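Enquirer: File follows, entry-v3.pdb with PDB, C-alpha atoms:
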```pdb
ATOM      1  CA  MET A   1      42.647  16.864 -16.367
ATOM      2  CA  GLY A   2      39.441  15.872 -14.556
ATOM      3  CA  ARG A   3      36.207  17.687 -14.059
ATOM      4  CA  LYS A   4      35.872  20.096 -11.205
ATOM      5  CA  LYS A   5      33.773  19.055  -8.233
ATOM      6  CA  LEU A   6      30.292  20.573  -8.226
ATOM      7  CA  GLU A   7      29.102  22.348  -5.158
ATOM      8  CA  MET A   8      25.833  20.762  -4.009
ATOM      9  CA  LYS A   9      23.421  23.677  -3.874
ATOM     10  CA  ARG A  10      20.318  24.766  -5.709
ATOM     11  CA  ILE A  11      20.964  26.049  -9.243
ATOM     12  CA  GLU A  12      19.698  29.624  -9.332
ATOM     13  CA  ASP A  13      19.380  29.928 -13.136
ATOM     14  CA  LYS A  14      15.929  28.514 -14.017
ATOM     15  CA  SER A  15      16.813  27.296 -17.518
ATOM     16  CA  GLY A  16      20.053  25.756 -16.248
ATOM     17  CA  ARG A  17      18.121  24.033 -13.470
ATOM     18  CA  LEU A  18      15.622  22.583 -15.983
ATOM     19  CA  VAL A  19      18.381  21.351 -18.293
ATOM     20  CA  THR A  20      20.265  19.778 -15.385
ATOM     21  CA  PHE A  21      17.069  18.120 -14.123
ATOM     22  CA  SER A  22      16.313  16.676 -17.553
ATOM     23  CA  LYS A  23      19.856  15.360 -18.127
ATOM     24  CA  ARG A  24      20.303  13.956 -14.626
ATOM     25  CA  ARG A  25      16.847  12.339 -14.693
ATOM     26  CA  ALA A  26      17.725  10.615 -17.971
ATOM     27  CA  GLY A  27      21.083   9.539 -16.534
ATOM     28  CA  LEU A  28      19.449   8.182 -13.392
ATOM     29  CA  ILE A  29      16.984   6.113 -15.415
ATOM     30  CA  LYS A  30      19.802   4.840 -17.634
ATOM     31  CA  LYS A  31      21.823   3.804 -14.562
ATOM     32  CA  ALA A  32      18.758   2.015 -13.162
ATOM     33  CA  ARG A  33      18.422   0.037 -16.412
ATOM     34  CA  HIS A  34      22.129  -0.851 -16.283
ATOM     35  CA  LEU A  35      21.814  -2.007 -12.666
ATOM     36  CA  SER A  36      18.820  -4.130 -13.636
ATOM     37  CA  VAL A  37      20.643  -5.831 -16.502
ATOM     38  CA  LEU A  38      23.971  -6.300 -14.735
ATOM     39  CA  CYS A  39      22.590  -7.623 -11.456
ATOM     40  CA  ASP A  40      19.401  -9.275 -12.759
ATOM     41  CA  VAL A  41      17.153  -7.300 -10.421
ATOM     42  CA  ASP A  42      13.948  -5.321 -10.815
ATOM     43  CA  VAL A  43      14.437  -1.581 -10.343
ATOM     44  CA  ALA A  44      11.823   1.150 -10.059
ATOM     45  CA  VAL A  45      12.640   4.872 -10.221
ATOM     46  CA  ILE A  46      10.146   7.567  -9.227
ATOM     47  CA  VAL A  47      10.978  11.251  -9.725
ATOM     48  CA  PHE A  48       8.749  14.267  -9.094
ATOM     49  CA  SER A  49       9.686  17.510 -10.830
ATOM     50  CA  ALA A  50       9.504  20.906  -9.136
ATOM     51  CA  ARG A  51       6.077  21.380 -10.719
ATOM     52  CA  GLY A  52       4.899  18.033  -9.360
ATOM     53  CA  LYS A  53       5.065  16.076 -12.618
ATOM     54  CA  LEU A  54       5.694  12.375 -12.096
ATOM     55  CA  TYR A  55       8.424  10.518 -13.985
ATOM     56  CA  GLU A  56       8.657   6.777 -13.411
ATOM     57  CA  SER A  57      10.551   3.880 -14.874
ATOM     58  CA  CYS A  58      10.343   0.144 -14.185
ATOM     59  CA  THR A  59      12.778  -2.479 -15.353
ATOM     60  CA  GLY A  60      12.718  -6.253 -15.283
ATOM     61  CA  SER A  61      10.560  -8.917 -16.852
ATOM     62  CA  THR A  62       7.810  -8.497 -14.253
ATOM     63  CA  ASN A  63       6.608  -5.063 -13.332
ATOM     64  CA  ARG A  64       6.029  -5.811  -9.666
ATOM     65  CA  TYR A  65       6.042  -2.082  -8.943
ATOM     66  CA  GLN A  66       3.057  -1.442 -11.192
ATOM     67  CA  LYS A  67       1.215  -4.462  -9.813
ATOM     68  CA  SER A  68       1.870  -3.416  -6.246
ATOM     69  CA  CYS A  69       0.748   0.150  -7.052
ATOM     70  CA  LEU A  70      -2.486  -1.180  -8.527
ATOM     71  CA  GLU A  71      -3.036  -3.509  -5.560
ATOM     72  CA  GLU A  72      -2.293  -0.692  -3.098
ATOM     73  CA  GLU A  73      -4.696   1.610  -4.959
ATOM     74  CA  VAL A  74      -7.449  -1.017  -4.749
ATOM     75  CA  LYS A  75      -6.739  -1.628  -1.046
ATOM     76  CA  GLU A  76      -6.851   2.131  -0.358
ATOM     77  CA  GLU A  77     -10.168   2.478  -2.149
ATOM     78  CA  GLU A  78     -11.524  -0.537  -0.284
ATOM     79  CA  ARG A  79     -10.492   1.051   3.025
ATOM     80  CA  THR A  80     -12.073   4.336   1.974
ATOM     81  CA  PHE A  81     -15.384   2.775   1.094
ATOM     82  CA  GLN A  82     -15.371  -0.008   3.686
ATOM     83  CA  GLY A  83     -18.693  -0.356   5.365
ATOM     84  CA  ALA A  84     -20.830   1.978   3.280
ATOM     85  CA  GLY A  85     -19.204   0.958   0.005
ATOM     86  CA  GLU A  86     -19.690  -2.740   0.654
ATOM     87  CA  ASP A  87     -23.354  -2.186   1.548
ATOM     88  CA  LEU A  88     -23.850  -0.199  -1.648
ATOM     89  CA  CYS A  89     -22.218  -2.895  -3.759
ATOM     90  CA  LYS A  90     -24.385  -5.596  -2.192
ATOM     91  CA  ARG A  91     -27.515  -3.801  -3.385
ATOM     92  CA  PHE A  92     -26.553  -4.529  -6.992
ATOM     93  CA  GLN A  93     -25.681  -7.942  -8.352
ATOM     94  CA  THR A  94     -23.610  -6.478 -11.198
ATOM     95  CA  CYS A  95     -22.195  -3.144 -12.278
ATOM     96  CA  LYS A  96     -24.533  -3.336 -15.261
ATOM     97  CA  GLU A  97     -27.512  -3.172 -12.893
ATOM     98  CA  LEU A  98     -26.011  -0.138 -11.195
ATOM     99  CA  LEU A  99     -25.455   1.654 -14.502
ATOM    100  CA  GLN A 100     -28.999   0.850 -15.609
ATOM    101  CA  MET A 101     -30.327   2.295 -12.346
ATOM    102  CA  VAL A 102     -28.223   5.449 -12.804
ATOM    103  CA  ASP A 103     -29.482   5.877 -16.380
ATOM    104  CA  ARG A 104     -33.092   5.402 -15.251
ATOM    105  CA  LEU A 105     -32.774   7.944 -12.430
ATOM    106  CA  VAL A 106     -31.035  10.501 -14.609
ATOM    107  CA  GLU A 107     -33.673  10.149 -17.340
ATOM    108  CA  GLU A 108     -36.515  10.448 -14.834
ATOM    109  CA  LYS A 109     -35.035  13.501 -13.137
ATOM    110  CA  ASN A 110     -33.891  15.089 -16.393
ATOM    111  CA  ASN A 111     -37.470  15.097 -17.625
ATOM    112  CA  ASN A 112     -38.471  17.008 -14.487
ATOM    113  CA  ASN A 113     -35.155  18.888 -14.056
ATOM    114  CA  GLU A 114     -35.192  17.865 -10.382
ATOM    115  CA  LEU A 115     -31.936  15.994  -9.739
ATOM    116  CA  SER A 116     -30.961  17.030  -6.212
ATOM    117  CA  LEU A 117     -27.461  17.289  -4.809
ATOM    118  CA  ILE A 118     -28.173  14.464  -2.372
ATOM    119  CA  GLU A 119     -29.264  12.156  -5.205
ATOM    120  CA  ILE A 120     -26.191  13.054  -7.269
ATOM    121  CA  THR A 121     -23.950  12.410  -4.259
ATOM    122  CA  GLN A 122     -25.653   9.063  -3.652
ATOM    123  CA  LEU A 123     -25.176   8.086  -7.306
ATOM    124  CA  GLU A 124     -21.514   9.090  -7.103
ATOM    125  CA  GLU A 125     -21.027   6.954  -3.986
ATOM    126  CA  ASP A 126     -22.742   4.001  -5.667
ATOM    127  CA  LEU A 127     -20.514   4.358  -8.732
ATOM    128  CA  ASP A 128     -17.381   4.659  -6.581
ATOM    129  CA  ALA A 129     -18.328   1.530  -4.656
ATOM    130  CA  ALA A 130     -18.951  -0.352  -7.896
ATOM    131  CA  LEU A 131     -15.594   0.835  -9.215
ATOM    132  CA  VAL A 132     -13.814  -0.436  -6.094
ATOM    133  CA  GLN A 133     -15.560  -3.782  -6.405
ATOM    134  CA  THR A 134     -14.696  -4.044 -10.115
ATOM    135  CA  ARG A 135     -11.026  -3.172  -9.564
ATOM    136  CA  SER A 136     -10.801  -5.649  -6.714
ATOM    137  CA  ARG A 137     -12.233  -8.389  -8.925
ATOM    138  CA  LYS A 138      -9.856  -7.427 -11.739
ATOM    139  CA  VAL A 139      -6.778  -7.645  -9.496
ATOM    140  CA  LYS A 140      -7.920 -10.967  -8.060
ATOM    141  CA  THR A 141      -8.576 -12.290 -11.559
ATOM    142  CA  GLN A 142      -5.149 -11.146 -12.785
ATOM    143  CA  LEU A 143      -3.453 -12.805  -9.830
ATOM    144  CA  MET A 144      -5.387 -16.018 -10.407
ATOM    145  CA  VAL A 145      -4.497 -16.041 -14.117
ATOM    146  CA  GLU A 146      -0.815 -15.552 -13.277
ATOM    147  CA  TYR A 147      -1.003 -18.317 -10.673
ATOM    148  CA  ILE A 148      -2.684 -20.673 -13.165
ATOM    149  CA  SER A 149      -0.028 -19.961 -15.801
ATOM    150  CA  THR A 150       2.687 -20.628 -13.210
ATOM    151  CA  LEU A 151       1.040 -23.919 -12.289
ATOM    152  CA  GLN A 152       0.759 -24.856 -15.978
ATOM    153  CA  GLU A 153       4.480 -24.154 -16.453
ATOM    154  CA  GLN A 154       5.269 -26.293 -13.400
ATOM    155  CA  GLU A 155       3.028 -29.064 -14.747
ATOM    156  CA  LYS A 156       4.855 -28.968 -18.094
ATOM    157  CA  LYS A 157       8.252 -29.087 -16.370
ATOM    158  CA  LEU A 158       7.147 -31.974 -14.148
ATOM    159  CA  GLY A 159       5.887 -33.830 -17.238
ATOM    160  CA  GLU A 160       9.264 -33.364 -18.920
ATOM    161  CA  ASP A 161      11.050 -34.525 -15.763
ATOM    162  CA  LYS A 162       8.788 -37.571 -15.621
ATOM    163  CA  GLU A 163       9.608 -38.471 -19.236
ATOM    164  CA  GLN A 164      13.330 -38.134 -18.539
ATOM    165  CA  LEU A 165      13.042 -40.343 -15.456
ATOM    166  CA  GLU A 166      11.075 -42.967 -17.397
ATOM    167  CA  LYS A 167      13.773 -42.999 -20.100
ATOM    168  CA  LEU A 168      16.463 -43.272 -17.432
ATOM    169  CA  ILE A 169      14.644 -46.178 -15.757
ATOM    170  CA  ALA A 170      14.163 -47.918 -19.105
ATOM    171  CA  THR A 171      17.848 -47.595 -19.996
ATOM    172  CA  SER A 172      18.947 -48.787 -16.543
ATOM    173  CA  GLU A 173      16.615 -51.804 -16.813
ATOM    174  CA  GLU A 174      18.053 -52.608 -20.252
ATOM    175  CA  LYS A 175      21.593 -52.399 -18.871
ATOM    176  CA  GLN A 176      20.631 -54.607 -15.942
ATOM    177  CA  ILE A 177      19.154 -57.224 -18.307
ATOM    178  CA  GLU A 178      22.288 -57.086 -20.482
ATOM    179  CA  GLU A 179      24.521 -57.517 -17.413
ATOM    180  CA  GLU A 180      22.492 -60.496 -16.192
ATOM    181  CA  GLY A 181      22.739 -62.015 -19.674
ATOM    182  CA  THR A 182      26.532 -61.628 -19.786
ATOM    183  CA  LEU A 183      26.911 -63.083 -16.269
ATOM    184  CA  LYS A 184      25.033 -66.277 -17.230
ATOM    185  CA  VAL A 185      27.308 -66.942 -20.200
TER     186      VAL A 185
END
```
Show me the file's structure as structure tokens.

Expert:
Amino acid sequence: MGRKKLEMKRIEDKSGRLVTFSKRRAGLIKKARHLSVLCDVDVAVIVFSARGKLYESCTGSTNRYQKSCLEEEVKEEERTFQGAGEDLCKRFQTCKELLQMVDRLVEEKNNNNELSLIEITQLEEDLDAALVQTRSRKVKTQLMVEYISTLQEQEKKLGEDKEQLEKLIATSEEKQIEEEGTLKV
């Protein structure tokens, strides 16, 4: 005897709804892992609860989802602060200079208790711009490191292929010399 077919409608009992959500969410994530293993694919699952809590799961050797989320976040922040943010970042050579300037201003104004809203807003914008610049550099650095490691792996593989080809050429030359020697006799 099989299970009865469930009617697709909202579960009215709150505790039953929470239990069903928890069990089905776990089952969905388990199925995603199975799909990833069986088909050798990367799978990402994103679930928002009724209260807005985020549940996410990524499978696969490379978490492209997380990388793309980070890259998209950096791009969004760059778009948000484009223009003004870039000008603010150009005023400071490093984030350390920006932080030193913030500390100096806060100390000066704290002594006089005169830190205005405009100055606080300006400091916040400067810090946001520096954060965008730092994240952008971090993503670029991570991508470059991954690219370098890929190139190093390719170099290693090409070196191994070269050694195999050299051995193959050496053995074929030896066979050719042996054949020439047997033909002369």

Enquirer: Quick one: distance from CA of Val45 (chain A) to CA of Arg24 (chain A) in Å, one decimal?

Expert: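 About the pair CA of Val45 (chain A) and CA of Arg24 (chain A): they are 12.7 Å apart.
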
Enquirer: Figure out the distance between CA of Ile148 (chain A) and CA of Ala130 (chain A), please, to one decimal in Å.

Expert: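 Spanning CA of Ala130 (chain A) to CA of Ile148 (chain A) is a straight-line distance of 26.6 Å.
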
Enquirer: Please indicate the distance in Å from CA of Thr59 (chain A) to CA of Asp42 (chain A), rounded to one decimal place.

Expert: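 Going from CA of Thr59 (chain A) over to CA of Asp42 (chain A), I get 5.5 Å.
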
Enquirer: What residues come out when you apply the PyMOL selection byres ((chain A and resi 46) around 8) to this file, written as a ChimeraX atom specification?

Expert: /A:44-45,47-48,54-57

Enquirer: Select, from A:Leu123, A:Val41, A:Glu7, A:Gln176, the residue with the minimum atom-to-atom distance to Arg104 (chain A), counting only C-alpha atoms.

Expert: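 Selected residue with least distance to Arg104 (chain A): A:Leu123.
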
Enquirer: Please write the residues picked by the PyMOL selection byres ((chain A and resi 33) around 10) on this file as an NGL selection string.

Expert: :A and (27-32 or 34-38 or 41-45 or 57-60)

Enquirer: For the residues in that selection, give me C-alpha atoms as an mmCIF file, in the frame of the given file.

Expert:
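New file result_20.cif:
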```
data_model
loop_
_atom_site.group_PDB
_atom_site.id
_atom_site.type_symbol
_atom_site.label_atom_id
_atom_site.label_comp_id
_atom_site.auth_asym_id
_atom_site.auth_seq_id
_atom_site.Cartn_x
_atom_site.Cartn_y
_atom_site.Cartn_z
ATOM 1 C CA GLY A 27 21.083 9.539 -16.534
ATOM 2 C CA LEU A 28 19.449 8.182 -13.392
ATOM 3 C CA ILE A 29 16.984 6.113 -15.415
ATOM 4 C CA LYS A 30 19.802 4.840 -17.634
ATOM 5 C CA LYS A 31 21.823 3.804 -14.562
ATOM 6 C CA ALA A 32 18.758 2.015 -13.162
ATOM 7 C CA HIS A 34 22.129 -0.851 -16.283
ATOM 8 C CA LEU A 35 21.814 -2.007 -12.666
ATOM 9 C CA SER A 36 18.820 -4.130 -13.636
ATOM 10 C CA VAL A 37 20.643 -5.831 -16.502
ATOM 11 C CA LEU A 38 23.971 -6.300 -14.735
ATOM 12 C CA VAL A 41 17.153 -7.300 -10.421
ATOM 13 C CA ASP A 42 13.948 -5.321 -10.815
ATOM 14 C CA VAL A 43 14.437 -1.581 -10.343
ATOM 15 C CA ALA A 44 11.823 1.150 -10.059
ATOM 16 C CA VAL A 45 12.640 4.872 -10.221
ATOM 17 C CA SER A 57 10.551 3.880 -14.874
ATOM 18 C CA CYS A 58 10.343 0.144 -14.185
ATOM 19 C CA THR A 59 12.778 -2.479 -15.353
ATOM 20 C CA GLY A 60 12.718 -6.253 -15.283
#
```
